[in-house]
$ cat entry.txt   # compact mmCIF, C-alpha atoms
# COMPACT_ATOMS: atom_id res chain seq x y z
CA MET A 1 2.45 6.21 -4.53
CA LYS A 2 1.27 3.97 -1.68
CA LYS A 3 2.59 6.42 0.92
CA ILE A 4 0.62 9.21 -0.72
CA LYS A 5 -2.54 7.09 -0.59
CA LEU A 6 -2.04 6.38 3.12
CA LEU A 7 -1.52 10.04 3.91
CA PHE A 8 -4.59 10.93 1.89
CA ILE A 9 -6.69 8.44 3.88
CA GLY A 10 -5.45 9.94 7.13
CA TYR A 11 -6.20 13.40 5.84
CA ILE A 12 -9.75 12.49 4.87
CA ALA A 13 -10.32 10.84 8.27
CA SER A 14 -9.15 13.93 10.11
CA ILE A 15 -11.37 16.18 8.02
CA PHE A 16 -14.33 13.92 8.70
CA ILE A 17 -13.77 14.04 12.46
CA PHE A 18 -13.31 17.77 12.43
CA SER A 19 -16.41 18.37 10.32
CA ASN A 20 -18.54 16.21 12.63
CA GLU A 21 -17.38 18.06 15.74
CA LEU A 22 -17.82 21.41 14.02
CA PHE A 23 -21.36 20.62 12.92
CA ALA A 24 -22.35 19.27 16.35
CA ALA A 25 -21.00 22.32 18.16
CA THR A 26 -22.30 25.04 15.82
CA SER A 27 -25.80 23.71 15.18
CA GLY A 28 -28.33 25.90 16.93
CA LYS A 29 -25.85 28.71 17.74
CA GLU A 30 -26.44 32.37 17.07
CA SER A 31 -24.54 33.93 14.18
CA SER A 32 -22.73 36.34 16.53
CA ASP A 33 -21.18 33.43 18.47
CA LEU A 34 -20.46 31.26 15.42
CA TRP A 35 -16.96 32.55 14.67
CA ALA A 36 -15.79 32.27 18.26
CA GLU A 37 -17.19 28.75 18.57
CA GLN A 38 -15.51 27.68 15.34
CA SER A 39 -12.20 29.07 16.51
CA ASN A 40 -12.41 27.14 19.79
CA ILE A 41 -13.23 23.89 18.02
CA LEU A 42 -10.39 24.43 15.57
CA LEU A 43 -7.96 24.87 18.47
CA SER A 44 -9.36 21.83 20.28
CA PHE A 45 -8.95 19.75 17.16
CA PHE A 46 -5.21 20.38 17.22
CA SER A 47 -5.02 19.68 20.93
CA ALA A 48 -2.55 17.20 22.40
CA ASP A 49 -5.21 14.52 22.80
CA ASN A 50 -6.30 14.62 19.15
CA PHE A 51 -2.69 14.82 18.02
CA ILE A 52 -1.88 11.61 19.92
CA LYS A 53 -4.88 9.92 18.29
CA LEU A 54 -3.75 10.92 14.81
CA VAL A 55 -0.17 9.81 15.45
CA THR A 56 -1.39 6.50 16.86
CA ALA A 57 -3.66 5.94 13.83
CA LEU A 58 -0.75 6.71 11.52
CA LEU A 59 1.46 4.21 13.34
CA VAL A 60 -1.26 1.59 13.03
CA ILE A 61 -1.41 2.23 9.28
CA ILE A 62 2.37 1.84 8.91
CA LEU A 63 2.60 -1.26 11.10
CA THR A 64 -0.37 -2.89 9.37
CA PHE A 65 1.15 -2.22 5.97
CA PHE A 66 4.46 -3.85 6.87
CA PHE A 67 2.70 -6.70 8.68
CA SER A 68 0.60 -7.53 5.61
CA LYS A 69 3.71 -7.48 3.40
CA LEU A 70 5.61 -9.73 5.81
CA LEU A 71 2.73 -12.17 6.17
CA SER A 72 2.15 -12.34 2.41
CA SER A 73 5.84 -12.96 1.71
CA LYS A 74 6.00 -15.78 4.28
CA ILE A 75 2.94 -17.50 2.82
CA VAL A 76 4.17 -17.04 -0.76
CA HIS A 77 7.55 -18.52 0.19
CA TYR A 78 5.80 -21.53 1.70
CA ILE A 79 3.68 -22.03 -1.44
CA GLU A 80 6.68 -21.78 -3.75
CA LYS A 81 8.54 -24.31 -1.63
CA ASN A 82 5.74 -26.89 -1.49
CA THR A 83 4.08 -26.49 -4.92
CA THR A 84 5.72 -28.05 -7.97
CA GLU A 85 3.32 -26.95 -10.73
CA GLU A 86 4.19 -23.46 -11.92
CA SER A 87 0.65 -22.40 -12.94
CA SER A 88 -0.85 -23.57 -9.63
CA ARG A 89 1.90 -21.80 -7.70
CA GLU A 90 1.21 -18.51 -9.47
CA GLU A 91 -2.55 -18.74 -8.94
CA LEU A 92 -2.30 -19.70 -5.26
CA THR A 93 0.13 -16.85 -4.69
CA TRP A 94 -2.37 -14.44 -6.20
CA VAL A 95 -5.25 -15.75 -4.05
CA ILE A 96 -3.28 -15.68 -0.81
CA SER A 97 -1.86 -12.20 -1.35
CA ARG A 98 -5.27 -10.72 -2.20
CA THR A 99 -6.98 -12.43 0.73
CA VAL A 100 -4.31 -11.32 3.20
CA ASN A 101 -4.40 -7.73 1.95
CA VAL A 102 -8.19 -7.49 2.16
CA THR A 103 -8.28 -9.08 5.64
CA VAL A 104 -5.56 -6.81 6.98
CA LEU A 105 -7.28 -3.77 5.44
CA ILE A 106 -10.51 -4.58 7.29
CA ILE A 107 -8.66 -5.06 10.57
CA TRP A 108 -6.72 -1.84 10.09
CA PHE A 109 -9.87 0.10 9.26
CA SER A 110 -11.63 -1.16 12.41
CA ILE A 111 -8.68 -0.38 14.69
CA THR A 112 -8.16 3.09 13.20
CA LEU A 113 -11.79 4.04 13.66
CA GLY A 114 -11.66 2.89 17.28
CA ILE A 115 -8.54 4.97 17.95
CA LEU A 116 -10.08 8.07 16.42
CA GLY A 117 -13.16 7.65 18.58
CA ILE A 118 -15.61 7.12 15.76
CA ASP A 119 -18.73 5.06 16.46
CA MET A 120 -18.08 1.66 14.95
CA GLY A 121 -21.74 0.65 14.89
CA ILE A 122 -22.74 3.38 12.46
CA PHE A 123 -19.80 2.74 10.16
CA MET A 124 -20.19 -1.03 10.13
CA GLY A 125 -23.86 -0.62 9.24
CA TRP A 126 -22.99 1.56 6.25
CA ILE A 127 -20.16 -0.76 5.25
CA TRP A 128 -22.41 -3.82 5.16
CA PHE A 129 -25.05 -1.82 3.34
CA GLY A 130 -22.48 -0.92 0.67
CA ILE A 131 -21.23 -4.49 0.48
CA GLY A 132 -24.71 -5.84 0.02
CA PHE A 133 -25.75 -3.48 -2.77
CA THR A 134 -22.81 -1.64 -4.28
CA LEU A 135 -20.14 -4.33 -4.09
CA LYS A 136 -22.27 -7.32 -5.04
CA THR A 137 -20.70 -7.74 -8.48
CA PHE A 138 -17.19 -7.20 -7.12
CA LEU A 139 -17.56 -9.76 -4.36
CA THR A 140 -19.20 -12.42 -6.54
CA ASN A 141 -16.43 -12.19 -9.15
CA PHE A 142 -13.71 -12.06 -6.50
CA THR A 143 -15.11 -15.12 -4.72
CA ALA A 144 -15.50 -16.95 -8.04
CA GLY A 145 -11.84 -16.24 -8.84
CA ILE A 146 -10.77 -17.77 -5.54
CA MET A 147 -12.93 -20.84 -6.18
CA MET A 148 -11.49 -21.24 -9.68
CA VAL A 149 -7.95 -21.33 -8.33
CA THR A 150 -8.47 -23.35 -5.15
CA GLN A 151 -10.68 -26.02 -6.78
CA GLY A 152 -8.18 -26.54 -9.60
CA PHE A 153 -10.72 -26.58 -12.43
CA TYR A 154 -8.88 -23.94 -14.48
CA HIS A 155 -5.22 -23.03 -14.85
CA ASN A 156 -3.20 -20.57 -16.87
CA GLY A 157 -2.64 -22.01 -20.34
CA ASP A 158 -5.85 -24.08 -20.45
CA VAL A 159 -7.77 -23.96 -23.75
CA ILE A 160 -11.43 -23.23 -23.01
CA GLU A 161 -14.62 -22.51 -24.93
CA VAL A 162 -17.30 -20.23 -23.50
CA ASP A 163 -20.29 -18.72 -25.26
CA GLY A 164 -19.03 -19.92 -28.63
CA GLN A 165 -15.57 -18.35 -28.22
CA MET A 166 -12.43 -20.45 -27.84
CA GLY A 167 -9.09 -19.33 -26.45
CA LYS A 168 -6.31 -19.92 -23.97
CA ILE A 169 -6.43 -18.66 -20.37
CA ARG A 170 -3.64 -16.13 -19.88
CA LYS A 171 -4.30 -14.94 -16.32
CA VAL A 172 -6.97 -15.20 -13.65
CA ASN A 173 -7.35 -11.70 -12.20
CA ALA A 174 -9.34 -10.46 -9.22
CA LEU A 175 -12.54 -9.82 -11.18
CA PHE A 176 -11.93 -11.02 -14.73
CA THR A 177 -10.07 -13.81 -16.50
CA ALA A 178 -7.99 -12.86 -19.54
CA VAL A 179 -8.48 -15.28 -22.45
CA GLU A 180 -6.44 -15.02 -25.65
CA GLN A 181 -8.00 -16.31 -28.86
CA PHE A 182 -5.90 -18.10 -31.46
CA ASN A 183 -5.93 -14.97 -33.64
CA GLY A 184 -4.23 -12.97 -30.88
CA VAL A 185 -7.35 -11.11 -29.67
CA VAL A 186 -7.65 -11.00 -25.87
CA PHE A 187 -11.07 -10.81 -24.25
CA TYR A 188 -12.03 -10.71 -20.59
CA ILE A 189 -14.62 -12.94 -18.93
CA PRO A 190 -16.13 -12.18 -15.50
CA ASN A 191 -15.05 -14.87 -13.07
CA ILE A 192 -18.63 -15.62 -12.07
CA THR A 193 -19.21 -16.90 -15.63
CA PHE A 194 -16.98 -19.90 -14.91
CA ILE A 195 -19.23 -20.82 -11.98
CA GLU A 196 -22.70 -20.11 -13.36
CA GLU A 197 -22.33 -20.79 -17.11
CA ARG A 198 -21.26 -23.81 -19.13
CA VAL A 199 -17.55 -23.64 -19.92
CA THR A 200 -15.68 -26.33 -21.86
CA ASN A 201 -12.12 -26.97 -20.69
CA TYR A 202 -10.13 -28.94 -23.26
CA HIS A 203 -7.26 -29.45 -20.82
CA THR A 204 -9.25 -31.46 -18.29
CA ASN A 205 -8.05 -34.61 -20.09
CA ASP A 206 -4.60 -35.14 -21.60
CA LYS A 207 -6.09 -35.91 -25.05
CA ARG A 208 -8.92 -34.66 -27.23
CA ARG A 209 -10.85 -36.03 -30.20
CA THR A 210 -11.07 -34.14 -33.47
CA ASP A 211 -13.66 -34.68 -36.20
CA VAL A 212 -13.03 -33.88 -39.87
CA GLU A 213 -15.95 -33.92 -42.31
CA ILE A 214 -15.31 -35.29 -45.82
CA LEU A 215 -18.03 -35.12 -48.49
CA ILE A 216 -17.44 -37.57 -51.35
CA ASP A 217 -19.35 -38.00 -54.59
CA TYR A 218 -22.17 -40.55 -54.86
CA ASN A 219 -20.31 -42.29 -57.70
CA ALA A 220 -17.23 -42.81 -55.49
CA ASP A 221 -16.28 -46.12 -53.91
CA VAL A 222 -17.24 -45.59 -50.27
CA HIS A 223 -15.31 -48.59 -48.97
CA LYS A 224 -12.16 -47.47 -50.77
CA ALA A 225 -12.61 -43.92 -49.48
CA LYS A 226 -12.86 -45.12 -45.88
CA GLN A 227 -9.75 -47.28 -46.28
CA THR A 228 -7.82 -44.34 -47.73
CA VAL A 229 -8.81 -42.03 -44.86
CA MET A 230 -7.92 -44.68 -42.27
CA MET A 231 -4.51 -45.21 -43.90
CA VAL A 232 -3.79 -41.47 -43.65
CA MET A 233 -4.72 -41.35 -39.95
CA ASP A 234 -2.66 -44.44 -39.16
CA GLN A 235 0.44 -42.91 -40.72
CA PHE A 236 -0.04 -39.27 -39.75
CA PRO A 237 2.44 -38.09 -37.07
CA GLY A 238 1.00 -36.97 -33.75
CA ILE A 239 -2.23 -38.98 -33.89
CA LEU A 240 -2.61 -41.31 -30.91
CA LYS A 241 -2.90 -45.04 -31.45
CA ALA A 242 -5.18 -45.39 -28.43
CA PRO A 243 -8.02 -44.53 -28.47
CA GLY A 244 -8.09 -45.69 -32.06
CA SER A 245 -9.16 -43.64 -35.07
CA ASP A 246 -12.21 -44.48 -37.16
CA VAL A 247 -14.29 -43.32 -40.13
CA ILE A 248 -18.08 -43.33 -40.15
CA ILE A 249 -20.79 -42.50 -42.69
CA ASP A 250 -22.72 -39.68 -41.08
CA LYS A 251 -25.30 -38.46 -43.61
CA LEU A 252 -26.44 -38.73 -47.20
CA TRP A 253 -26.59 -35.18 -48.47
CA ASP A 254 -28.17 -33.95 -51.69
CA ASN A 255 -24.86 -33.80 -53.47
CA GLY A 256 -22.74 -36.41 -51.73
CA ILE A 257 -22.00 -38.86 -48.93
CA LEU A 258 -20.70 -37.30 -45.71
CA LEU A 259 -17.86 -39.16 -44.01
CA ILE A 260 -16.47 -38.14 -40.63
CA ALA A 261 -12.87 -39.00 -39.77
CA ARG A 262 -12.34 -39.14 -36.00
CA TYR A 263 -8.92 -39.20 -34.38
CA TRP A 264 -7.28 -38.34 -31.04
CA ILE A 265 -4.34 -36.02 -30.40
CA PRO A 266 -2.56 -34.86 -27.22
CA VAL A 267 -3.97 -31.67 -25.71
CA SER A 268 -0.51 -30.12 -25.84
CA ASP A 269 -0.50 -30.30 -29.67
CA ASN A 270 -1.65 -27.41 -31.84
CA TYR A 271 -5.23 -28.38 -32.62
CA ILE A 272 -5.78 -26.01 -35.54
CA THR A 273 -2.48 -26.76 -37.29
CA THR A 274 -2.92 -30.53 -36.98
CA LYS A 275 -6.47 -30.40 -38.33
CA SER A 276 -5.43 -28.21 -41.26
CA ASN A 277 -2.52 -30.47 -42.21
CA ILE A 278 -4.44 -33.72 -42.01
CA THR A 279 -7.38 -32.28 -43.98
CA GLU A 280 -4.99 -31.36 -46.76
CA THR A 281 -3.51 -34.86 -46.64
CA PHE A 282 -7.01 -36.38 -46.87
CA ASN A 283 -7.74 -34.36 -49.99
CA LEU A 284 -4.49 -35.35 -51.74
CA ALA A 285 -4.83 -39.04 -50.84
CA LEU A 286 -8.44 -39.26 -52.06
CA LYS A 287 -7.58 -37.55 -55.34
CA LYS A 288 -4.70 -39.97 -55.82
CA GLN A 289 -7.12 -42.88 -55.44
CA GLY A 290 -9.53 -41.34 -57.96
CA ILE A 291 -12.17 -40.46 -55.37
CA ASP A 292 -13.89 -37.15 -56.11
CA ILE A 293 -14.82 -34.65 -53.43
CA ALA A 294 -18.47 -33.67 -53.82
CA TYR A 295 -19.50 -30.08 -54.43
CA PRO A 296 -22.86 -28.37 -54.96
CA HIS A 297 -23.93 -28.71 -58.58
CA LEU A 298 -27.10 -28.98 -60.65
CA THR A 299 -27.69 -31.53 -63.39
CA VAL A 300 -30.15 -30.47 -66.09
CA THR A 301 -31.63 -33.13 -68.41
CA HIS A 302 -33.16 -31.90 -71.65
CA THR A 303 -35.61 -34.15 -73.51
CA ASN A 304 -36.70 -33.46 -77.08
CA PHE A 305 -40.38 -33.98 -77.70
CA GLU A 306 -41.34 -34.51 -81.35
CA LYS A 307 -44.31 -32.57 -82.56
CA THR A 308 -47.16 -34.71 -83.76
CA SER A 309 -49.91 -33.50 -86.04
CA SER A 310 -53.43 -34.58 -85.60
$ encode --input "entry.txt" --output "structure tokens"
Amino acid sequence: MKKIKLLFIGYIASIFIFSNELFAATSGKESSDLWAEQSNILLSFFSADNFIKLVTALLVIILTFFFSKLLSSKIVHYIEKNTTEESSREELTWVISRTVNVTVLIIWFSITLGILGIDMGIFMGWIWFGIGFTLKTFLTNFTAGIMMVTQGFYHNGDVIEVDGQMGKIRKVNALFTAVEQFNGVVFYIPNITFIEERVTNYHTNDKRRTDVEILIDYNADVHKAKQTVMMVMDQFPGILKAPGSDVIIDKLWDNGILLIARYWIPVSDNYITTKSNITETFNLALKKQGIDIAYPHLTVTHTNFEKTSS
């Protein structure tokens, strides 16, 4: 497939050269001399000089292709030898290979145009014009992807939250980052979002705090409820002893007293599973102690008024 692409590029370049020469030679000619002039230009296009240029350009393409592959493999081998973290090694390999390929492509394009005798000034002007307007989004996302990897802020496997959506980074690509939600849905975020927007990375630290809200009835013993919740957190497997857990009274709602149980777990643990299990344990322990969980309800008081006669 790559060989076909290279041949196609060479074919397009040859057609472009031929069409330019044909247009320059036939503009302003009489119709009677047009066919003869076109025939001469067609023969001159396949002359020995042009043939040597095309062969030389093709050799440059082949040598550049193998040179980029060799250079990329050497750099990748060096990274794999000197990097211990698997995720960092994979990301650095991606950045280096993409950067080398793009750099070699630009060098090859410049050399090929020079060999074919095409004015570099005109082409470079159009190239920068296209980069500035057409490729703005591509370049910003590509550069952001390189910054994400080289700065070490994000790695494959990190749990992040962006724009209200939480998930795990699966792969940092050239333009987008694949993030898998906990329900299995994969969505893609432009790399520039990680630079310009607020993104929460839960793997920056090795531990994270989790809050569980518990609404108890106003008739319940608050002190006993807090002791029960603390006992559950002290005995629950996976909860860190330092920083310590605690229970606070957060708000007095219309139908109950809101307690918040706060505990710390390692980032490597399953956050959702741990929270679900400990919430269930809270409920069972509070019921066992006779502490009711509050729920929305309405109390209606009916008063009988005796009729009095005047």
$ residues_around --input "entry.txt" --residues "A:Asn191" --least-positions-apart "5" --cutoff "7 Å" --atoms "all atoms listed in the file" --output "VMD selection string"
chain A and resid 141 144 to 145 175 to 177
$ closest_residue --input "entry.txt" --among "A:Val60, A:Leu71, A:Ile239, A:Leu259" --to "A:Asn277" --atoms "only C-alpha atoms"
A:Ile239
$ closest_residue --input "entry.txt" --among "A:Gln151, A:Ser268, A:Gln235, A:Gln227" --to "A:Arg208" --atoms "only C-alpha atoms"
A:Ser268
$ atom_distance --input "entry.txt" --atom1 "atom CA of A:His155" --atom2 "atom CA of A:Lys275"
24.6 Å
$ closest_residue --input "entry.txt" --among "A:Ile160, A:Val172, A:Met166, A:Leu139" --to "A:Val185" --atoms "all atoms listed in the file"
A:Met166
$ residues_around --input "entry.txt" --residues "stretch 186-188 of chain A" --least-positions-apart "2" --cutoff "9 Å" --atoms "all atoms listed in the file" --output "list of chain:residue names"
A:Gly167, A:Arg170, A:Phe176, A:Thr177, A:Ala178, A:Val179, A:Glu180, A:Gln181, A:Asn183, A:Gly184, A:Pro190
$ closest_residue --input "entry.txt" --among "A:Ile214, A:Ile260, A:Val199, A:Ile278" --to "A:Gly238" --atoms "all atoms listed in the file"
A:Ile278
$ atom_distance --input "entry.txt" --atom1 "atom CA of A:Lys241" --atom2 "atom CA of A:Lys224"
21.6 Å
$ atom_distance --input "entry.txt" --atom1 "atom CA of A:Ile257" --atom2 "atom CA of A:Ile291"
11.9 Å
$ closest_residue --input "entry.txt" --among "A:Lys69, A:Pro237, A:Thr281, A:Val212" --to "A:Ile249" --atoms "only C-alpha atoms"
A:Val212
$ closest_residue --input "entry.txt" --among "A:Leu284, A:Asn219, A:Thr193, A:Tyr271" --to "A:Thr137" --atoms "only C-alpha atoms"
A:Thr193
$ residues_around --input "entry.txt" --residues "A:Asp246" --least-positions-apart "3" --cutoff "10 Å" --atoms "only C-alpha atoms" --output "PyMOL selection string"
chain A and resi 211+226-227+229-230+233-234+243+260-264
$ residues_near_point --input "entry.txt" --point "(-10.7, -28.5, -12.2)" --cutoff "12 Å" --atoms "all atoms listed in the file" --output "list in words"
Ser88, Met147, Met148, Val149, Thr150, Gln151, Gly152, Phe153, Tyr154, His155, Asn156, Asp158, Phe194, Ile195, Val199, Thr200, Asn201, Tyr202, His203, Thr204 and Asn205 of chain A
